[in-house]
$ cat coords-v1.cif   # mmCIF, C-alpha atoms and all ligand atoms
data_coords
loop_
_atom_site.label_atom_id
_atom_site.label_comp_id
_atom_site.auth_asym_id
_atom_site.auth_seq_id
_atom_site.Cartn_x
_atom_site.Cartn_y
_atom_site.Cartn_z
CA MET L 2 104.82 -52.24 -20.86
CA THR L 3 102.18 -54.38 -22.55
CA ASN L 4 99.72 -52.76 -24.91
CA PRO L 5 96.30 -52.49 -23.23
CA ILE L 6 94.69 -53.49 -26.55
CA GLU L 7 96.19 -56.47 -28.33
CA ILE L 8 95.08 -57.16 -31.87
CA SER L 9 95.87 -60.29 -33.83
CA VAL L 10 94.51 -62.28 -36.76
CA ALA L 11 94.66 -66.05 -37.14
CA ASP L 12 92.53 -68.47 -39.13
CA GLN L 13 90.47 -65.55 -40.47
CA VAL L 14 89.44 -64.53 -36.94
CA GLN L 15 90.48 -61.12 -35.67
CA THR L 16 91.02 -61.02 -31.90
CA ILE L 17 90.69 -57.77 -29.99
CA ARG L 18 91.91 -58.39 -26.46
CA MET L 19 91.52 -55.84 -23.68
CA ASN L 20 94.63 -56.31 -21.58
CA ARG L 21 94.83 -53.89 -18.66
CA PRO L 22 94.55 -56.37 -15.79
CA ASP L 23 95.82 -54.03 -13.05
CA LYS L 24 92.76 -51.81 -13.67
CA LYS L 25 90.35 -54.67 -14.32
CA ASN L 26 90.32 -53.70 -17.98
CA ALA L 27 88.83 -50.24 -17.40
CA ILE L 28 88.77 -48.68 -20.86
CA THR L 29 90.54 -45.40 -21.69
CA GLY L 30 90.16 -43.17 -24.74
CA ALA L 31 93.30 -44.63 -26.30
CA MET L 32 91.91 -48.13 -25.88
CA TYR L 33 88.61 -47.19 -27.58
CA LYS L 34 90.61 -45.64 -30.40
CA ASP L 35 92.62 -48.81 -31.01
CA MET L 36 89.52 -51.00 -30.85
CA ALA L 37 87.59 -48.74 -33.27
CA ALA L 38 90.49 -48.81 -35.74
CA ALA L 39 90.67 -52.60 -35.54
CA VAL L 40 86.94 -53.12 -36.11
CA ASN L 41 86.95 -50.62 -38.99
CA SER L 42 90.02 -52.22 -40.57
CA ALA L 43 88.25 -55.60 -40.62
CA LYS L 44 85.62 -54.18 -42.97
CA ALA L 45 87.88 -54.12 -46.02
CA ASP L 46 90.08 -57.05 -45.05
CA SER L 47 88.96 -60.23 -46.81
CA ASN L 48 91.26 -62.22 -44.56
CA ILE L 49 89.05 -61.34 -41.57
CA ARG L 50 85.68 -63.07 -41.40
CA ALA L 51 84.84 -62.57 -37.73
CA THR L 52 86.02 -60.46 -34.80
CA LEU L 53 86.31 -61.84 -31.28
CA PHE L 54 86.51 -59.59 -28.20
CA LEU L 55 88.32 -61.03 -25.19
CA GLY L 56 89.50 -59.72 -21.84
CA VAL L 57 91.82 -61.17 -19.23
CA PRO L 58 91.04 -63.88 -16.66
CA GLY L 59 88.51 -62.43 -14.22
CA ALA L 60 87.94 -59.19 -16.10
CA PHE L 61 86.29 -58.74 -19.46
CA SER L 62 86.00 -55.03 -18.62
CA ALA L 63 85.17 -52.89 -15.54
CA GLY L 64 83.74 -50.29 -17.92
CA ASN L 65 84.85 -46.83 -18.88
CA ASP L 66 87.85 -45.55 -16.92
CA ILE L 67 86.27 -43.53 -14.11
CA ASN L 68 89.31 -41.21 -14.03
CA ASP L 69 88.31 -40.08 -17.52
CA PHE L 70 84.75 -39.48 -16.31
CA MET L 71 86.14 -37.54 -13.35
CA GLN L 72 88.20 -35.36 -15.68
CA VAL L 73 85.06 -34.31 -17.56
CA ALA L 74 83.12 -33.85 -14.31
CA MET L 75 85.76 -31.48 -12.93
CA THR L 76 86.68 -29.50 -16.05
CA GLY L 77 83.29 -29.54 -17.76
CA LYS L 78 85.20 -30.27 -20.97
CA ARG L 79 84.19 -33.26 -23.01
CA GLY L 80 87.16 -35.59 -23.44
CA SER L 81 87.97 -37.47 -26.62
CA MET L 82 85.23 -38.76 -28.88
CA ASP L 83 86.97 -42.12 -29.22
CA VAL L 84 84.28 -43.99 -27.31
CA PHE L 85 81.70 -42.87 -29.87
CA ASP L 86 83.94 -43.91 -32.76
CA PHE L 87 84.23 -47.31 -31.13
CA LEU L 88 80.48 -47.61 -30.60
CA GLU L 89 79.75 -46.53 -34.16
CA ALA L 90 82.27 -49.10 -35.41
CA ILE L 91 80.56 -51.98 -33.59
CA ILE L 92 77.02 -50.80 -34.35
CA MET L 93 77.81 -50.57 -38.07
CA SER L 94 80.24 -53.51 -38.26
CA GLU L 95 79.82 -55.64 -41.37
CA LYS L 96 81.60 -58.69 -40.00
CA PRO L 97 80.23 -60.96 -37.25
CA LEU L 98 81.22 -59.85 -33.75
CA LEU L 99 81.72 -62.35 -30.93
CA ALA L 100 82.73 -61.95 -27.31
CA GLY L 101 84.21 -64.29 -24.74
CA VAL L 102 83.47 -62.97 -21.25
CA ASP L 103 85.23 -64.17 -18.13
CA GLY L 104 84.64 -62.28 -14.88
CA LEU L 105 83.59 -58.65 -14.68
CA ALA L 106 81.51 -57.09 -17.44
CA ILE L 107 80.51 -53.67 -16.12
CA GLY L 108 79.03 -50.66 -17.91
CA ILE L 109 80.21 -50.68 -21.50
CA GLY L 110 81.68 -54.12 -20.72
CA THR L 111 78.05 -55.26 -20.75
CA THR L 112 76.46 -52.85 -23.25
CA MET L 113 79.02 -53.61 -25.99
CA LEU L 114 77.83 -57.23 -25.83
CA MET L 115 74.43 -56.08 -27.08
CA HIS L 116 76.10 -55.34 -30.43
CA CYS L 117 77.74 -58.73 -30.67
CA ASP L 118 76.22 -61.57 -32.66
CA TYR L 119 77.37 -64.28 -30.27
CA VAL L 120 78.45 -64.10 -26.62
CA ILE L 121 80.00 -66.92 -24.66
CA ALA L 122 80.52 -66.33 -20.94
CA SER L 123 82.20 -68.26 -18.15
CA ASN L 124 80.25 -69.22 -15.07
CA GLN L 125 82.49 -66.76 -13.17
CA SER L 126 81.09 -63.79 -15.10
CA ALA L 127 79.12 -60.91 -13.56
CA PHE L 128 77.19 -58.41 -15.65
CA SER L 129 76.06 -54.99 -14.46
CA THR L 130 75.48 -51.45 -15.65
CA PRO L 131 75.49 -49.18 -12.57
CA PHE L 132 74.69 -46.07 -14.64
CA VAL L 133 72.01 -44.63 -12.33
CA ASP L 134 74.08 -45.26 -9.19
CA LEU L 135 76.84 -43.23 -10.85
CA GLY L 136 74.39 -40.42 -11.62
CA LEU L 137 74.52 -41.37 -15.30
CA VAL L 138 72.20 -42.77 -17.97
CA PRO L 139 72.47 -45.80 -20.28
CA GLU L 140 74.79 -45.57 -23.28
CA ALA L 141 75.84 -47.45 -26.43
CA GLY L 142 72.27 -47.50 -27.75
CA SER L 143 71.44 -49.89 -24.90
CA SER L 144 68.24 -48.03 -23.95
CA LEU L 145 66.85 -49.05 -27.36
CA ILE L 146 68.48 -52.38 -27.94
CA ALA L 147 68.25 -53.98 -24.46
CA PRO L 148 64.42 -53.95 -24.37
CA ARG L 149 64.48 -55.61 -27.81
CA ILE L 150 66.79 -58.35 -26.58
CA MET L 151 65.28 -58.99 -23.16
CA GLY L 152 61.97 -57.12 -22.87
CA HIS L 153 61.24 -53.96 -20.89
CA GLN L 154 61.23 -55.37 -17.37
CA ARG L 155 64.59 -57.07 -17.59
CA ALA L 156 66.12 -54.13 -19.45
CA PHE L 157 64.89 -51.85 -16.67
CA GLU L 158 66.30 -54.17 -14.00
CA LEU L 159 69.70 -54.15 -15.72
CA LEU L 160 69.98 -50.58 -17.00
CA ALA L 161 68.03 -48.56 -14.43
CA MET L 162 68.17 -50.69 -11.28
CA GLY L 163 71.82 -51.70 -11.66
CA ALA L 164 71.11 -55.41 -11.14
CA LYS L 165 74.15 -57.69 -11.01
CA TRP L 166 73.56 -60.72 -13.16
CA SER L 167 75.32 -64.04 -13.17
CA ALA L 168 76.15 -65.71 -16.48
CA ASP L 169 73.02 -67.85 -16.14
CA GLU L 170 70.85 -64.78 -15.57
CA ALA L 171 72.44 -63.01 -18.54
CA GLN L 172 71.80 -66.09 -20.65
CA GLY L 173 68.18 -66.19 -19.45
CA ALA L 174 67.83 -62.56 -20.56
CA GLY L 175 69.17 -63.37 -24.02
CA LEU L 176 72.40 -61.41 -23.64
CA VAL L 177 74.58 -64.52 -23.56
CA ASN L 178 74.37 -67.51 -25.91
CA LYS L 179 76.40 -70.06 -24.01
CA VAL L 180 77.79 -70.48 -20.48
CA THR L 181 80.93 -72.48 -19.94
CA ASP L 182 83.91 -72.93 -17.57
CA SER L 183 86.60 -70.26 -17.13
CA ASN L 184 89.36 -72.64 -18.08
CA SER L 185 87.85 -73.56 -21.45
CA ILE L 186 86.22 -70.30 -22.45
CA GLU L 187 88.84 -69.05 -24.89
CA GLN L 188 89.21 -72.42 -26.57
CA GLU L 189 85.44 -72.62 -27.03
CA ALA L 190 85.18 -69.02 -28.19
CA TYR L 191 87.82 -69.66 -30.86
CA ALA L 192 86.10 -72.86 -31.96
CA ILE L 193 82.82 -70.97 -32.47
CA ALA L 194 84.51 -68.02 -34.19
CA GLY L 195 86.48 -70.41 -36.42
CA ALA L 196 83.33 -72.32 -37.42
CA LEU L 197 81.66 -69.03 -38.31
CA ALA L 198 84.70 -67.88 -40.30
CA ALA L 199 84.61 -71.14 -42.28
CA LYS L 200 81.05 -70.57 -43.53
CA PRO L 201 80.38 -69.23 -47.05
CA PRO L 202 81.14 -65.53 -46.44
CA GLU L 203 78.63 -63.99 -48.88
CA ALA L 204 75.69 -66.01 -47.58
CA LEU L 205 76.72 -65.26 -44.01
CA SER L 206 77.06 -61.56 -44.69
CA ILE L 207 73.64 -61.31 -46.38
CA SER L 208 72.01 -63.37 -43.61
CA ARG L 209 73.58 -61.25 -40.89
CA LYS L 210 72.36 -58.04 -42.55
CA LEU L 211 68.82 -59.44 -42.70
CA ILE L 212 68.91 -60.51 -39.05
CA ARG L 213 70.39 -57.25 -37.71
CA GLY L 214 68.25 -55.01 -39.87
CA ASP L 215 68.87 -51.31 -40.43
CA ARG L 216 71.05 -49.98 -37.61
CA SER L 217 70.40 -46.28 -38.16
CA ASP L 218 67.92 -46.17 -35.26
CA VAL L 219 70.51 -47.67 -32.92
CA LEU L 220 73.11 -45.17 -34.10
CA ALA L 221 70.66 -42.29 -33.60
CA ARG L 222 69.79 -43.50 -30.08
CA MET L 223 73.48 -43.86 -29.22
CA LYS L 224 73.99 -40.21 -30.22
CA GLU L 225 70.91 -39.07 -28.28
CA GLU L 226 72.13 -40.92 -25.17
CA ALA L 227 75.60 -39.42 -25.63
CA VAL L 228 74.27 -35.87 -25.27
CA LEU L 229 72.41 -36.76 -22.06
CA PHE L 230 75.35 -38.79 -20.76
CA GLY L 231 77.66 -35.82 -21.36
CA GLU L 232 75.33 -33.54 -19.39
CA ARG L 233 75.06 -36.06 -16.57
CA LEU L 234 78.85 -36.33 -16.25
CA THR L 235 78.96 -32.82 -14.80
CA SER L 236 75.96 -33.31 -12.50
CA GLU L 237 76.34 -33.22 -8.71
CA GLU L 238 75.05 -36.80 -8.55
CA ALA L 239 77.84 -38.01 -10.82
CA LYS L 240 80.57 -35.98 -9.10
CA THR L 241 79.56 -37.44 -5.73
CA ALA L 242 79.66 -41.00 -7.12
CA PHE L 243 83.06 -40.51 -8.81
CA MET L 244 84.54 -38.98 -5.62
CA ALA L 245 83.29 -41.99 -3.64
CA PHE L 246 85.05 -44.35 -6.08
CA MET L 247 88.28 -42.31 -5.95
CA SER L 248 88.32 -42.14 -2.17
CA LYS L 249 87.97 -45.94 -2.02
CA GLY L 250 91.26 -46.14 -3.97
CA GLN L 251 92.94 -43.56 -1.73
CA LYS L 252 91.86 -45.45 1.42
CA LYS L 253 93.30 -48.65 -0.06
CA ALA L 254 96.63 -46.90 -0.73
CA SER L 255 96.94 -45.36 2.75
N1 LIG A 1 87.90 -46.98 -13.87
C1 LIG A 1 89.13 -46.76 -13.37
N2 LIG A 1 89.79 -47.61 -12.56
C2 LIG A 1 89.15 -48.76 -12.27
C3 LIG A 1 87.87 -49.08 -12.75
C4 LIG A 1 87.24 -48.12 -13.60
N3 LIG A 1 86.05 -48.35 -14.14
N4 LIG A 1 87.50 -50.28 -12.27
C5 LIG A 1 88.52 -50.72 -11.51
N5 LIG A 1 89.52 -49.80 -11.51
C6 LIG A 1 90.81 -49.88 -10.83
C7 LIG A 1 90.69 -49.57 -9.33
O1 LIG A 1 90.71 -48.17 -9.11
C8 LIG A 1 91.92 -50.25 -8.81
O2 LIG A 1 93.05 -49.45 -9.09
P1 LIG A 1 94.23 -49.30 -7.98
O3 LIG A 1 94.73 -50.70 -7.77
O4 LIG A 1 95.22 -48.39 -8.63
O5 LIG A 1 93.56 -48.73 -6.75
C9 LIG A 1 92.03 -51.49 -9.69
O6 LIG A 1 91.28 -51.21 -10.87
C10 LIG A 1 91.45 -52.72 -9.06
O7 LIG A 1 90.12 -52.43 -8.66
P2 LIG A 1 89.57 -52.66 -7.18
O8 LIG A 1 88.40 -51.75 -6.98
O9 LIG A 1 90.67 -52.57 -6.18
O10 LIG A 1 89.12 -54.19 -7.29
P3 LIG A 1 87.88 -54.88 -6.63
O11 LIG A 1 88.00 -56.32 -7.02
O12 LIG A 1 87.78 -54.54 -5.18
O13 LIG A 1 86.60 -54.25 -7.37
C11 LIG A 1 85.30 -53.49 -9.24
C12 LIG A 1 86.48 -54.36 -8.76
C13 LIG A 1 85.33 -53.54 -10.75
C14 LIG A 1 83.99 -54.06 -8.70
C15 LIG A 1 85.48 -52.05 -8.73
O14 LIG A 1 86.78 -51.61 -9.08
C16 LIG A 1 84.50 -51.10 -9.37
O15 LIG A 1 83.38 -50.97 -8.88
N6 LIG A 1 84.92 -50.39 -10.44
C17 LIG A 1 84.10 -49.41 -11.09
C18 LIG A 1 83.14 -50.06 -12.07
C19 LIG A 1 82.29 -49.01 -12.72
O16 LIG A 1 81.46 -48.39 -12.08
N7 LIG A 1 82.52 -48.78 -14.02
C20 LIG A 1 81.86 -47.75 -14.78
C21 LIG A 1 80.57 -48.23 -15.33
S1 LIG A 1 79.72 -46.97 -16.23
#
$ encode --input "coords-v1.cif" --output "structure tokens" --more "lines below"
Ligand code: COA
Amino acid sequence: MTNPIEISVADQVQTIRMNRPDKKNAITGAMYKDMAAAVNSAKADSNIRATLFLGVPGAFSAGNDINDFMQVAMTGKRGSMDVFDFLEAIIMSEKPLLAGVDGLAIGIGTTMLMHCDYVIASNQSAFSTPFVDLGLVPEAGSSLIAPRIMGHQRAFELLAMGAKWSADEAQGAGLVNKVTDSNSIEQEAYAIAGALAAKPPEALSISRKLIRGDRSDVLARMKEEAVLFGERLTSEEAKTAFMAFMSKGQKKAS
């Protein structure tokens, strides 16, 4: 069985690839744990100058694994904290973060991009955060950071209205830097990551810190959202939405 998170380093670029194609790269606790460890390990590794997140063709990520949400909804017990370790790792990352998105980017598949420094997306990409439709609330500090990136109205459209954006719309909102073809996206993503990794590392690090500013407010908002998100997971609205998703799978199987 292939590992759902593949980590590699080449030419001073660390690649973190989500590789669970049969589930459209839905992310489990174990996957968050591996990704958090990789991002944290880059901090002290002078051989890593940039981290690039990739998915599989057609699926960057379909978001948090809904089975894990369902587990919390039914038992009332909070699952692992790995997602928060992952979010803290990317919020506080000291190395540049890049993402190459092809296909679905749902939920955290979209909000994690808000913590990246550069996002390249294929013209087959689709971005959405159906939090409210799932009875949930925004996460990953997105309620603070999205309005900064795209302004209130577009943040509301994305995070509260569950809009589905094309790559061009995501670029127009400032979430994506560059739109390209599916068949060249990884090559282009590596070229950009490689060029970044070749820059004078001290100057780049200082510049990045200045541009990103103090992240403690983002971290605090992520924690505030997490409490509300945890409460919402056991709400009737969320249970109904999760059951609807599960029954879609059961219908498909029968
Ligand atoms: N959690 C768990 N499993 C997921 C998943 C998720 N977030 N997204 C997709 N999957 C699984 C499906 O259950 C299905 O599994 P199965 O083959 O064992 O039945 C498989 O991935 C393929 O998905 P499917 O729904 O058949 O593909 P599709 O092309 O018709 O639709 C999506 C793809 C992503 C639009 C649809 O699966 C979806 O809406 N997923 C949920 C997205 C979501 O709400 N994420 C949480 C955001 S907070």
$ closest_atom_pairs --input "coords-v1.cif" --of "chain L" --to "ligand LIG 1 (chain A)" --cutoff "8 Å" --atoms "only C-alpha atoms and all ligand atoms" --output "CSV"
residue,atom,partner,partner_atom,distance
L:Pro22,CA,A:LIG1,O6,7.8
L:Asp23,CA,A:LIG1,C9,5.7
L:Lys24,CA,A:LIG1,O6,3.2
L:Lys25,CA,A:LIG1,O6,5.0
L:Asn26,CA,A:LIG1,N4,7.2
L:Ala27,CA,A:LIG1,C4,4.6
L:Ile28,CA,A:LIG1,N1,7.2
L:Ala63,CA,A:LIG1,N4,4.8
L:Gly64,CA,A:LIG1,N7,4.4
L:Asn65,CA,A:LIG1,N3,5.1
L:Asp66,CA,A:LIG1,N1,3.4
L:Ile67,CA,A:LIG1,N1,3.8
L:Asn68,CA,A:LIG1,C1,5.6
L:Asp69,CA,A:LIG1,N1,7.8
L:Leu105,CA,A:LIG1,C13,6.7
L:Ile107,CA,A:LIG1,C21,5.5
L:Gly108,CA,A:LIG1,C21,3.9
L:Ile109,CA,A:LIG1,S1,6.5
L:Thr130,CA,A:LIG1,C21,6.0
L:Pro131,CA,A:LIG1,C21,5.9
L:Phe132,CA,A:LIG1,S1,5.4
L:Leu135,CA,A:LIG1,O16,7.0
L:Leu137,CA,A:LIG1,S1,7.7
L:Phe246,CA,A:LIG1,C17,7.2
L:Met247,CA,A:LIG1,O1,7.1
L:Lys249,CA,A:LIG1,O8,7.7
L:Gly250,CA,A:LIG1,O5,4.4
L:Gln251,CA,A:LIG1,O5,7.2
L:Lys253,CA,A:LIG1,O5,6.7
L:Ala254,CA,A:LIG1,O5,7.0
$ atom_distance --input "coords-v1.cif" --atom1 "atom CA of Leu234 of chain L" --atom2 "atom CA of Thr76 of chain L"
10.4 Å
$ residues_around --input "coords-v1.cif" --residues "segment 208-220 of chain L" --least-positions-apart "2" --cutoff "7 Å" --atoms "all atoms listed in the file" --output "ChimeraX atom specification"
/L:89,92-93,142,145,204-206,222-224
$ closest_residue --input "coords-v1.cif" --among "L:Ser167, L:Asn4, L:Ser9, L:Thr52" --to "Ile193 of chain L" --atoms "only C-alpha atoms"
L:Thr52
$ atom_distance --input "coords-v1.cif" --atom1 "atom CA of Ala190 of chain L" --atom2 "atom CA of Ser144 of chain L"
27.3 Å
$ residues_around --input "coords-v1.cif" --residues "Leu55 of chain L" --least-positions-apart "5" --cutoff "10 Å" --atoms "only C-alpha atoms" --output "PDB file with C-alpha atoms, in the frame of the given file"
ATOM      1  CA  ILE L   6      94.690 -53.490 -26.550  1.00  0.00           C
ATOM      2  CA  GLU L   7      96.190 -56.470 -28.330  1.00  0.00           C
ATOM      3  CA  THR L  16      91.020 -61.020 -31.900  1.00  0.00           C
ATOM      4  CA  ILE L  17      90.690 -57.770 -29.990  1.00  0.00           C
ATOM      5  CA  ARG L  18      91.910 -58.390 -26.460  1.00  0.00           C
ATOM      6  CA  MET L  19      91.520 -55.840 -23.680  1.00  0.00           C
ATOM      7  CA  ASN L  20      94.630 -56.310 -21.580  1.00  0.00           C
ATOM      8  CA  ALA L  60      87.940 -59.190 -16.100  1.00  0.00           C
ATOM      9  CA  PHE L  61      86.290 -58.740 -19.460  1.00  0.00           C
ATOM     10  CA  SER L  62      86.000 -55.030 -18.620  1.00  0.00           C
ATOM     11  CA  LEU L  99      81.720 -62.350 -30.930  1.00  0.00           C
ATOM     12  CA  ALA L 100      82.730 -61.950 -27.310  1.00  0.00           C
ATOM     13  CA  GLY L 101      84.210 -64.290 -24.740  1.00  0.00           C
ATOM     14  CA  VAL L 102      83.470 -62.970 -21.250  1.00  0.00           C
ATOM     15  CA  ASP L 103      85.230 -64.170 -18.130  1.00  0.00           C
ATOM     16  CA  ILE L 186      86.220 -70.300 -22.450  1.00  0.00           C
ATOM     17  CA  GLU L 187      88.840 -69.050 -24.890  1.00  0.00           C
ATOM     18  CA  ALA L 190      85.180 -69.020 -28.190  1.00  0.00           C
TER      19      ALA L 190
END
$ closest_residue --input "coords-v1.cif" --among "L:Ala122, L:Met71, L:Gly77, L:Asn41" --to "Asp169 of chain L" --atoms "all atoms listed in the file"
L:Ala122
$ closest_residue --input "coords-v1.cif" --among "L:Met162, L:Met115, L:Ala171, L:Ala242" --to "Ser143 of chain L" --atoms "all atoms listed in the file"
L:Met115
$ atom_distance --input "coords-v1.cif" --atom1 "atom CA of Thr181 of chain L" --atom2 "atom CA of Ile121 of chain L"
7.4 Å
$ residues_around --input "coords-v1.cif" --residues "Ala39 of chain L" --least-positions-apart "6" --cutoff "12 Å" --atoms "all atoms listed in the file" --output "list in words"
Ile6, Glu7, Ile8, Ser9, Val10, Gln15, Thr16, Ile17, Arg18, Met32, Tyr33, Ala45, Asp46, Ile49, Ala51, Thr52, Leu53, Phe54, Asp86, Phe87, Ala90, Ile91, Ser94 and Lys96 of chain L
$ axis_aligned_box --input "coords-v1.cif" --around "segment 204-216 of chain L" --padding-each-side "3 Å" --output "AutoDock Vina command-line options"
--center_x 72.7 --center_y -58.0 --center_z -42.6 --size_x 14.8 --size_y 22.0 --size_z 16.0
$ decode --input "coords-v1.cif" --residues "segment 62-79 of chain L" --atoms "N, CA, C and O atoms" --output "CSV table (one decimal), in the first residue's frame"
chain,number,residue,atom,x,y,z
L,62,SER,N,-6.9,18.2,-2.7
L,62,SER,CA,-7.5,17.6,-1.5
L,62,SER,C,-9.0,17.9,-1.4
L,62,SER,O,-9.4,19.0,-1.6
L,63,ALA,N,-9.8,16.8,-1.1
L,63,ALA,CA,-11.2,17.0,-0.8
L,63,ALA,C,-11.5,17.4,0.6
L,63,ALA,O,-12.6,17.2,1.1
L,64,GLY,N,-10.4,17.8,1.3
L,64,GLY,CA,-10.7,18.3,2.7
L,64,GLY,C,-10.5,17.3,3.7
L,64,GLY,O,-10.1,16.1,3.5
L,65,ASN,N,-10.9,17.6,4.9
L,65,ASN,CA,-10.8,16.7,6.1
L,65,ASN,C,-11.6,15.4,5.8
L,65,ASN,O,-12.7,15.5,5.2
L,66,ASP,N,-11.1,14.3,6.2
L,66,ASP,CA,-11.9,13.1,6.0
L,66,ASP,C,-13.2,13.2,6.8
L,66,ASP,O,-13.2,13.3,8.0
L,67,ILE,N,-14.3,13.1,6.1
L,67,ILE,CA,-15.6,13.3,6.7
L,67,ILE,C,-15.9,12.1,7.7
L,67,ILE,O,-16.7,12.3,8.7
L,68,ASN,N,-15.3,11.0,7.5
L,68,ASN,CA,-15.5,9.8,8.4
L,68,ASN,C,-15.0,10.2,9.8
L,68,ASN,O,-15.5,9.9,10.8
L,69,ASP,N,-13.9,11.0,9.8
L,69,ASP,CA,-13.3,11.4,11.1
L,69,ASP,C,-14.2,12.5,11.8
L,69,ASP,O,-14.4,12.4,13.0
L,70,PHE,N,-14.8,13.3,10.9
L,70,PHE,CA,-15.8,14.3,11.5
L,70,PHE,C,-17.0,13.5,12.1
L,70,PHE,O,-17.5,13.8,13.2
L,71,MET,N,-17.4,12.5,11.3
L,71,MET,CA,-18.6,11.7,11.8
L,71,MET,C,-18.4,11.0,13.1
L,71,MET,O,-19.2,11.0,14.0
L,72,GLN,N,-17.1,10.5,13.3
L,72,GLN,CA,-16.7,9.9,14.5
L,72,GLN,C,-16.9,10.8,15.7
L,72,GLN,O,-17.5,10.4,16.7
L,73,VAL,N,-16.5,12.1,15.5
L,73,VAL,CA,-16.6,13.1,16.6
L,73,VAL,C,-18.1,13.4,16.8
L,73,VAL,O,-18.6,13.4,17.9
L,74,ALA,N,-18.8,13.5,15.7
L,74,ALA,CA,-20.3,13.9,15.8
L,74,ALA,C,-21.0,12.8,16.6
L,74,ALA,O,-21.9,13.1,17.4
L,75,MET,N,-20.7,11.5,16.4
L,75,MET,CA,-21.4,10.4,17.0
L,75,MET,C,-21.0,10.1,18.4
L,75,MET,O,-21.8,9.8,19.3
L,76,THR,N,-19.7,10.3,18.7
L,76,THR,CA,-19.2,9.9,20.0
L,76,THR,C,-19.1,11.2,21.0
L,76,THR,O,-19.0,11.0,22.2
L,77,GLY,N,-19.1,12.3,20.3
L,77,GLY,CA,-18.9,13.6,21.1
L,77,GLY,C,-17.5,13.7,21.6
L,77,GLY,O,-17.1,14.7,22.3
L,78,LYS,N,-16.6,12.8,21.2
L,78,LYS,CA,-15.2,12.9,21.7
L,78,LYS,C,-14.3,13.4,20.6
L,78,LYS,O,-14.4,13.0,19.5
L,79,ARG,N,-13.6,14.5,21.0
L,79,ARG,CA,-12.7,15.1,20.0
L,79,ARG,C,-11.6,14.1,19.6
L,79,ARG,O,-11.1,13.4,20.5
